[in-house]
$ cat model_17.cif   # mmCIF, C-alpha atoms
data_protein
loop_
_atom_site.label_atom_id
_atom_site.label_comp_id
_atom_site.auth_asym_id
_atom_site.auth_seq_id
_atom_site.Cartn_x
_atom_site.Cartn_y
_atom_site.Cartn_z
CA MET A 788 70.36 21.37 -28.25
CA GLY A 789 73.95 21.06 -27.16
CA LEU A 790 75.42 22.59 -30.31
CA GLY A 791 75.38 26.14 -29.01
CA LYS A 792 74.16 29.30 -30.71
CA ILE A 793 75.73 31.09 -33.61
CA PRO A 794 75.17 34.83 -34.10
CA PRO A 795 72.79 35.81 -36.91
CA ARG A 796 74.33 37.29 -40.03
CA LEU A 797 72.51 39.72 -42.30
CA GLY A 798 71.42 38.02 -45.50
CA ALA A 799 72.35 34.50 -44.39
CA CYS A 800 70.20 31.54 -43.35
CA ALA A 801 72.58 30.59 -40.51
CA ALA A 802 74.12 27.12 -40.77
CA PRO A 803 72.42 23.91 -41.94
CA VAL A 804 70.59 22.08 -39.15
CA PRO A 805 72.00 18.67 -38.12
CA GLY A 806 71.42 16.00 -40.75
CA PHE A 807 71.81 18.29 -43.73
CA ASP A 808 75.21 18.02 -45.44
CA MET A 809 75.15 20.98 -47.83
CA THR A 810 77.66 22.13 -50.38
CA VAL A 811 77.86 24.25 -53.54
CA PHE A 812 78.53 22.78 -57.00
CA ASP A 813 79.18 24.34 -60.37
CA ASP A 814 77.05 23.17 -63.31
CA GLU A 815 79.46 20.29 -63.99
CA GLY A 816 79.15 18.90 -60.45
CA SER A 817 82.50 20.09 -59.06
CA GLU A 818 82.55 21.51 -55.55
CA LEU A 819 83.17 25.25 -55.37
CA PRO A 820 85.27 27.04 -52.72
CA PRO A 821 83.62 29.08 -49.92
CA GLY A 822 82.02 32.31 -51.08
CA SER A 823 81.40 31.11 -54.64
CA LEU A 824 77.97 31.37 -56.26
CA GLY A 825 76.67 28.06 -57.51
CA ASN A 826 74.10 25.28 -57.11
CA LEU A 827 73.14 24.51 -53.51
CA VAL A 828 72.92 20.74 -53.05
CA ILE A 829 72.30 18.33 -50.16
CA LYS A 830 74.20 15.07 -49.88
CA CYS A 831 72.11 11.91 -49.90
CA PRO A 832 70.62 10.17 -48.03
CA LEU A 833 68.37 13.01 -46.97
CA PRO A 834 67.57 13.24 -43.26
CA PRO A 835 64.18 12.18 -41.86
CA GLY A 836 61.35 14.58 -42.56
CA CYS A 837 62.32 15.39 -46.16
CA LEU A 838 59.93 14.79 -49.02
CA PRO A 839 60.77 11.25 -50.23
CA THR A 840 59.08 11.45 -53.63
CA LEU A 841 56.33 13.10 -55.65
CA TRP A 842 52.80 11.73 -55.43
CA ASN A 843 52.52 8.76 -57.79
CA ASN A 844 55.56 9.97 -59.75
CA ASP A 845 58.82 8.49 -58.49
CA GLU A 846 60.51 8.86 -61.86
CA ARG A 847 59.87 12.57 -62.09
CA PHE A 848 61.20 13.03 -58.55
CA LYS A 849 64.43 11.29 -59.55
CA ALA A 850 64.75 13.22 -62.81
CA GLU A 851 64.02 16.62 -61.28
CA TYR A 852 66.04 16.41 -58.08
CA LEU A 853 68.51 13.51 -58.11
CA GLU A 854 69.92 13.02 -61.62
CA LYS A 855 71.76 16.29 -62.29
CA PHE A 856 74.20 15.72 -59.41
CA PRO A 857 74.35 11.96 -58.64
CA GLY A 858 74.40 11.30 -54.91
CA TYR A 859 73.04 14.76 -54.13
CA TYR A 860 69.63 16.40 -53.95
CA ASP A 861 69.41 19.48 -56.19
CA THR A 862 67.60 22.23 -54.28
CA MET A 863 67.41 24.30 -57.48
CA ASP A 864 68.51 27.26 -55.38
CA ALA A 865 71.52 29.35 -56.30
CA GLY A 866 73.65 30.56 -53.43
CA MET A 867 76.89 30.22 -51.57
CA ILE A 868 78.33 28.97 -48.31
CA ASP A 869 80.79 31.35 -46.72
CA ASP A 870 84.05 30.44 -44.96
CA GLU A 871 82.23 30.16 -41.60
CA GLY A 872 79.55 27.79 -42.86
CA TYR A 873 76.69 30.27 -43.22
CA VAL A 874 74.35 29.47 -46.11
CA HIS A 875 73.30 32.35 -48.38
CA ILE A 876 70.38 31.69 -50.74
CA LEU A 877 70.40 34.31 -53.50
CA ALA A 878 67.96 33.13 -56.17
CA ARG A 879 66.52 30.14 -57.98
CA THR A 880 69.05 28.58 -60.33
CA ASP A 881 67.01 29.63 -63.38
CA ASP A 882 67.51 33.24 -62.25
CA VAL A 883 71.29 32.92 -62.51
CA ILE A 884 72.84 33.96 -65.82
CA CYS A 885 76.32 33.48 -67.24
CA THR A 886 77.86 36.64 -68.73
CA SER A 887 81.35 36.33 -70.24
CA GLY A 888 82.07 33.43 -67.88
CA TYR A 889 80.76 35.21 -64.76
CA ARG A 890 77.80 33.68 -62.93
CA LEU A 891 75.48 36.48 -61.88
CA SER A 892 72.28 36.51 -59.86
CA THR A 893 69.55 38.63 -61.39
CA GLY A 894 68.02 38.74 -57.91
CA VAL A 895 71.08 40.55 -56.56
CA MET A 896 70.83 43.12 -59.36
CA GLU A 897 67.14 43.61 -58.59
CA GLU A 898 67.96 44.17 -54.94
CA ILE A 899 70.51 46.85 -55.88
CA LEU A 900 68.03 48.59 -58.18
CA MET A 901 65.31 48.46 -55.53
CA GLY A 902 67.64 50.35 -53.21
CA HIS A 903 67.13 53.51 -55.28
CA ASP A 904 64.58 55.89 -53.75
CA HIS A 905 62.61 56.27 -56.98
CA VAL A 906 62.30 52.55 -57.81
CA GLY A 907 59.07 50.91 -56.75
CA ASP A 908 59.44 47.59 -58.56
CA CYS A 909 61.83 45.99 -61.03
CA CYS A 910 62.74 42.86 -62.94
CA VAL A 911 66.08 41.76 -64.39
CA ILE A 912 66.22 38.99 -66.99
CA GLY A 913 69.02 37.40 -68.97
CA VAL A 914 68.80 37.50 -72.77
CA ASN A 915 70.87 35.58 -75.30
CA ASP A 916 74.00 37.27 -76.64
CA LYS A 917 76.29 35.80 -79.32
CA LEU A 918 79.45 37.25 -77.79
CA LYS A 919 78.85 37.04 -74.04
CA GLY A 920 76.40 34.16 -73.76
CA GLU A 921 73.81 36.13 -71.83
CA VAL A 922 73.46 39.75 -70.84
CA PRO A 923 71.12 41.26 -68.23
CA VAL A 924 68.43 43.77 -69.09
CA ALA A 925 66.18 45.51 -66.57
CA PHE A 926 62.62 46.78 -66.49
CA VAL A 927 61.91 49.30 -63.77
CA VAL A 928 58.72 50.79 -62.37
CA VAL A 929 59.48 54.16 -60.81
CA SER A 930 57.57 56.38 -58.43
CA GLU A 931 59.16 59.48 -59.92
CA GLU A 932 61.01 59.99 -63.18
CA SER A 933 64.05 62.24 -63.25
CA GLU A 934 66.64 63.24 -65.82
CA GLY A 935 69.53 60.83 -65.89
CA LEU A 936 67.73 58.18 -63.80
CA ILE A 937 68.67 55.29 -66.11
CA ASP A 938 72.33 56.33 -66.02
CA GLU A 939 72.10 56.47 -62.21
CA LEU A 940 70.72 52.93 -62.07
CA VAL A 941 73.38 51.58 -64.43
CA HIS A 942 76.10 53.25 -62.34
CA ARG A 943 74.53 51.93 -59.12
CA VAL A 944 74.77 48.30 -60.28
CA ARG A 945 78.26 48.83 -61.70
CA THR A 946 79.47 50.33 -58.42
CA LYS A 947 77.89 47.81 -56.04
CA LEU A 948 78.28 44.62 -58.08
CA GLY A 949 81.09 45.37 -60.53
CA ALA A 950 81.58 46.21 -64.19
CA HIS A 951 81.35 42.51 -65.09
CA ALA A 952 77.61 42.65 -64.33
CA ASN A 953 77.30 44.36 -67.74
CA LEU A 954 73.85 45.81 -67.03
CA ARG A 955 73.56 48.57 -69.62
CA LYS A 956 70.00 48.36 -70.92
CA ILE A 957 67.18 49.55 -68.68
CA ALA A 958 63.62 50.47 -69.63
CA LEU A 959 61.18 52.43 -67.47
CA VAL A 960 57.75 50.77 -67.58
CA LYS A 961 54.34 51.38 -66.03
CA ALA A 962 53.85 47.86 -64.70
CA LEU A 963 55.33 44.34 -64.68
CA PRO A 964 53.37 41.20 -65.57
CA LYS A 965 52.50 39.28 -62.42
CA THR A 966 50.40 36.35 -61.32
CA ARG A 967 47.56 36.93 -58.89
CA SER A 968 49.90 35.79 -56.10
CA GLY A 969 52.41 38.52 -57.02
CA LYS A 970 55.07 36.49 -58.86
CA ILE A 971 56.69 38.34 -61.77
CA LEU A 972 56.51 36.37 -65.02
CA ARG A 973 60.23 36.50 -65.72
CA GLY A 974 60.17 33.38 -67.86
CA THR A 975 57.58 34.88 -70.19
CA MET A 976 59.54 38.13 -70.45
CA ARG A 977 62.71 36.18 -71.21
CA LYS A 978 61.01 34.25 -74.01
CA ILE A 979 59.69 37.48 -75.54
CA ALA A 980 63.19 39.01 -75.39
CA ASN A 981 64.71 35.94 -77.06
CA ARG A 982 61.92 35.83 -79.66
CA GLU A 983 60.73 32.43 -78.49
CA GLU A 984 57.17 31.15 -78.41
CA PHE A 985 55.37 31.77 -75.14
CA LYS A 986 52.03 31.15 -73.51
CA ILE A 987 50.32 33.49 -71.09
CA THR A 988 49.54 31.68 -67.84
CA PRO A 989 45.88 31.72 -66.79
CA THR A 990 46.99 32.92 -63.35
CA ILE A 991 48.18 36.27 -64.74
CA GLU A 992 46.66 39.25 -62.94
CA ASP A 993 46.39 41.52 -66.00
CA ALA A 994 47.09 40.09 -69.45
CA GLY A 995 47.08 43.58 -70.91
CA VAL A 996 50.44 44.26 -69.26
CA ILE A 997 52.08 41.72 -71.59
CA ASP A 998 50.61 43.46 -74.65
CA GLU A 999 52.01 46.81 -73.48
CA LEU A 1000 55.36 45.38 -72.45
CA LYS A 1001 56.14 43.22 -75.50
CA PRO A 1002 57.15 46.09 -77.86
CA VAL A 1003 59.17 47.69 -75.04
CA ILE A 1004 61.10 44.46 -74.47
CA LEU A 1005 61.82 43.94 -78.17
CA LYS A 1006 62.91 47.55 -78.67
CA LEU A 1007 65.23 47.48 -75.64
CA VAL A 1008 66.86 44.18 -76.59
CA HIS A 1009 66.93 44.34 -80.37
CA GLY A 1010 66.70 48.08 -81.05
#
$ encode --input "model_17.cif" --output "structure tokens"
Amino acid sequence: MGLGKIPPRLGACAAPVPGFDMTVFDDEGSELPPGSLGNLVIKCPLPPGCLPTLWNNDERFKAEYLEKFPGYYDTMDAGMIDDEGYVHILARTDDVICTSGYRLSTGVMEEILMGHDHVGDCCVIGVNDKLKGEVPVAFVVVSEESEGLIDELVHRVRTKLGAHANLRKIALVKALPKTRSGKILRGTMRKIANREEFKITPTIEDAGVIDELKPVILKLVHG
């Protein structure tokens, strides 16, 4: 009350409510200019009503949320604040990859791919690359296959996000591994792609999807 209304903006969460001093940091804790993708943080002390700790685990609360950026609460969300103060949440920070020095949101790439009429579901993960640090690869479930579809999807991301996105490898798959609540198991897929040990969560909806997807992931990433 008394602050007035601001017009809604597509894709933004409006401005922070009173009491929340938000900013965007890079991974080293330096503040980024408006419009830059980075770590969304909240300056301490947090306003009333925020979770003060974890149940019987103060130390974990400090380690998880307060130690990475001293004096600030790490939301673990990746986003930006534009030049008018609107907050844009784009992904979780573990869904942001660094390709040749560019910070890229895999969620943004997924949104672009989902905009294609023949794409019913998709997942983009970052895999290790000796030259570029990480590169994105995509797995797409389509409602209808067509000649040249993969090239269309690569061009779509390149046009809408830029050549620096470097999304070149896409595989068409029948299904993506999900939990019973519908969350895609990106972390498991990333570990398979990087040839790391992984465990299948007991909450997975269909464990057989992992068995079918594993050789597809390894072939796409490693040839």
$ residues_around --input "model_17.cif" --residues "segment 995-1009 of chain A" --least-positions-apart "2" --cutoff "7 Å" --atoms "only C-alpha atoms" --output "ChimeraX atom specification"
/A:956,958,962-964,979-980,993
$ residues_around --input "model_17.cif" --residues "Thr893 of chain A" --least-positions-apart "4" --cutoff "10 Å" --atoms "all atoms listed in the file" --output "MDAnalysis selection string"
chainID A and resid 877:879 881:884 897:899 910:913 923:925 952
$ residues_around --input "model_17.cif" --residues "Gly907 of chain A" --least-positions-apart "2" --cutoff "9 Å" --atoms "all atoms listed in the file" --output "list in words"
Met901, His903, Asp904, His905, Cys909, Val927, Val928, Val929 and Ser930 of chain A
$ residues_around --input "model_17.cif" --residues "segment 795-811 of chain A" --least-positions-apart "4" --cutoff "9 Å" --atoms "only C-alpha atoms" --output "list in words"
Gly816, Ser817, Glu818, Leu819, Pro820, Pro821, Ser823, Leu824, Gly825, Asn826, Leu827, Val828, Ile829, Lys830, Cys831, Leu833, Pro834, Pro835, Ala865, Gly866, Met867, Ile868, Glu871, Gly872, Tyr873, Val874, His875, Ile876 and Leu877 of chain A
$ closest_residue --input "model_17.cif" --among "A:Thr988, A:Tyr859, A:Gly888, A:Pro832" --to "Arg967 of chain A" --atoms "only C-alpha atoms"
A:Thr988
$ residues_around --input "model_17.cif" --residues "Arg945 of chain A" --least-positions-apart "5" --cutoff "12 Å" --atoms "all atoms listed in the file" --output "PyMOL selection string"
chain A and resi 896+899-900+938-940+950-955
$ atom_distance --input "model_17.cif" --atom1 "atom CA of Ser892 of chain A" --atom2 "atom CA of Ile793 of chain A"
27.0 Å
$ closest_residue --input "model_17.cif" --among "A:Asp869, A:Leu936, A:Lys947, A:Val914" --to "Arg982 of chain A" --atoms "only C-alpha atoms"
A:Val914
$ decode --input "model_17.cif" --residues "segment 905-933 of chain A" --atoms "N, CA and C atoms" --output "mmCIF file, in the first residue's frame"
data_model
loop_
_atom_site.group_PDB
_atom_site.id
_atom_site.type_symbol
_atom_site.label_atom_id
_atom_site.label_comp_id
_atom_site.auth_asym_id
_atom_site.auth_seq_id
_atom_site.Cartn_x
_atom_site.Cartn_y
_atom_site.Cartn_z
ATOM 1 N N HIS A 905 6.415 -29.254 -33.503
ATOM 2 C CA HIS A 905 6.532 -30.709 -33.429
ATOM 3 C C HIS A 905 7.186 -31.203 -32.152
ATOM 4 N N VAL A 906 7.576 -30.293 -31.260
ATOM 5 C CA VAL A 906 8.258 -30.685 -30.017
ATOM 6 C C VAL A 906 7.243 -30.776 -28.880
ATOM 7 N N GLY A 907 7.166 -31.982 -28.294
ATOM 8 C CA GLY A 907 6.249 -32.167 -27.180
ATOM 9 C C GLY A 907 6.920 -32.073 -25.829
ATOM 10 N N ASP A 908 8.217 -32.379 -25.772
ATOM 11 C CA ASP A 908 8.968 -32.307 -24.519
ATOM 12 C C ASP A 908 10.447 -32.263 -24.878
ATOM 13 N N CYS A 909 11.257 -31.731 -23.980
ATOM 14 C CA CYS A 909 12.695 -31.671 -24.274
ATOM 15 C C CYS A 909 13.485 -31.455 -23.000
ATOM 16 N N CYS A 910 14.778 -31.699 -23.116
ATOM 17 C CA CYS A 910 15.702 -31.496 -22.005
ATOM 18 C C CYS A 910 17.055 -31.101 -22.571
ATOM 19 N N VAL A 911 17.648 -30.051 -22.031
ATOM 20 C CA VAL A 911 18.988 -29.611 -22.423
ATOM 21 C C VAL A 911 19.903 -29.735 -21.212
ATOM 22 N N ILE A 912 21.035 -30.383 -21.392
ATOM 23 C CA ILE A 912 22.002 -30.524 -20.298
ATOM 24 C C ILE A 912 23.365 -30.028 -20.771
ATOM 25 N N GLY A 913 24.204 -29.669 -19.830
ATOM 26 C CA GLY A 913 25.571 -29.277 -20.144
ATOM 27 C C GLY A 913 26.514 -30.448 -19.908
ATOM 28 N N VAL A 914 27.388 -30.712 -20.859
ATOM 29 C CA VAL A 914 28.371 -31.789 -20.705
ATOM 30 C C VAL A 914 29.775 -31.201 -20.789
ATOM 31 N N ASN A 915 30.704 -31.861 -20.139
ATOM 32 C CA ASN A 915 32.077 -31.364 -20.067
ATOM 33 C C ASN A 915 32.726 -31.340 -21.447
ATOM 34 N N ASP A 916 33.506 -30.285 -21.693
ATOM 35 C CA ASP A 916 34.226 -30.142 -22.953
ATOM 36 C C ASP A 916 35.603 -29.550 -22.654
ATOM 37 N N LYS A 917 36.661 -30.191 -23.138
ATOM 38 C CA LYS A 917 38.023 -29.746 -22.822
ATOM 39 C C LYS A 917 38.311 -28.344 -23.338
ATOM 40 N N LEU A 918 37.743 -27.991 -24.476
ATOM 41 C CA LEU A 918 38.040 -26.694 -25.086
ATOM 42 C C LEU A 918 37.134 -25.585 -24.560
ATOM 43 N N LYS A 919 35.845 -25.860 -24.448
ATOM 44 C CA LYS A 919 34.875 -24.809 -24.135
ATOM 45 C C LYS A 919 34.318 -24.859 -22.717
ATOM 46 N N GLY A 920 34.792 -25.799 -21.920
ATOM 47 C CA GLY A 920 34.312 -25.908 -20.548
ATOM 48 C C GLY A 920 33.092 -26.813 -20.477
ATOM 49 N N GLU A 921 31.996 -26.333 -21.027
ATOM 50 C CA GLU A 921 30.774 -27.112 -21.139
ATOM 51 C C GLU A 921 30.107 -26.787 -22.466
ATOM 52 N N VAL A 922 29.402 -27.763 -23.004
ATOM 53 C CA VAL A 922 28.600 -27.519 -24.200
ATOM 54 C C VAL A 922 27.212 -28.120 -23.971
ATOM 55 N N PRO A 923 26.180 -27.479 -24.525
ATOM 56 C CA PRO A 923 24.826 -28.020 -24.355
ATOM 57 C C PRO A 923 24.522 -29.116 -25.363
ATOM 58 N N VAL A 924 23.773 -30.101 -24.918
ATOM 59 C CA VAL A 924 23.216 -31.114 -25.811
ATOM 60 C C VAL A 924 21.741 -31.256 -25.453
ATOM 61 N N ALA A 925 20.931 -31.613 -26.439
ATOM 62 C CA ALA A 925 19.483 -31.640 -26.223
ATOM 63 C C ALA A 925 18.897 -32.998 -26.577
ATOM 64 N N PHE A 926 17.859 -33.350 -25.838
ATOM 65 C CA PHE A 926 17.097 -34.570 -26.086
ATOM 66 C C PHE A 926 15.638 -34.161 -26.229
ATOM 67 N N VAL A 927 15.064 -34.509 -27.372
ATOM 68 C CA VAL A 927 13.758 -33.962 -27.745
ATOM 69 C C VAL A 927 12.768 -35.084 -28.039
ATOM 70 N N VAL A 928 11.587 -34.951 -27.448
ATOM 71 C CA VAL A 928 10.467 -35.848 -27.751
ATOM 72 C C VAL A 928 9.563 -35.104 -28.725
ATOM 73 N N VAL A 929 9.310 -35.706 -29.878
ATOM 74 C CA VAL A 929 8.539 -35.013 -30.905
ATOM 75 C C VAL A 929 7.207 -35.716 -31.153
ATOM 76 N N SER A 930 6.237 -34.931 -31.559
ATOM 77 C CA SER A 930 4.930 -35.470 -31.906
ATOM 78 C C SER A 930 4.908 -35.957 -33.345
ATOM 79 N N GLU A 931 5.839 -35.436 -34.135
ATOM 80 C CA GLU A 931 5.899 -35.801 -35.549
ATOM 81 C C GLU A 931 7.313 -35.572 -36.060
ATOM 82 N N GLU A 932 7.911 -36.631 -36.602
ATOM 83 C CA GLU A 932 9.250 -36.495 -37.165
ATOM 84 C C GLU A 932 9.171 -35.999 -38.600
ATOM 85 N N SER A 933 10.136 -35.181 -38.992
ATOM 86 C CA SER A 933 10.179 -34.678 -40.358
ATOM 87 C C SER A 933 11.637 -34.536 -40.785
#
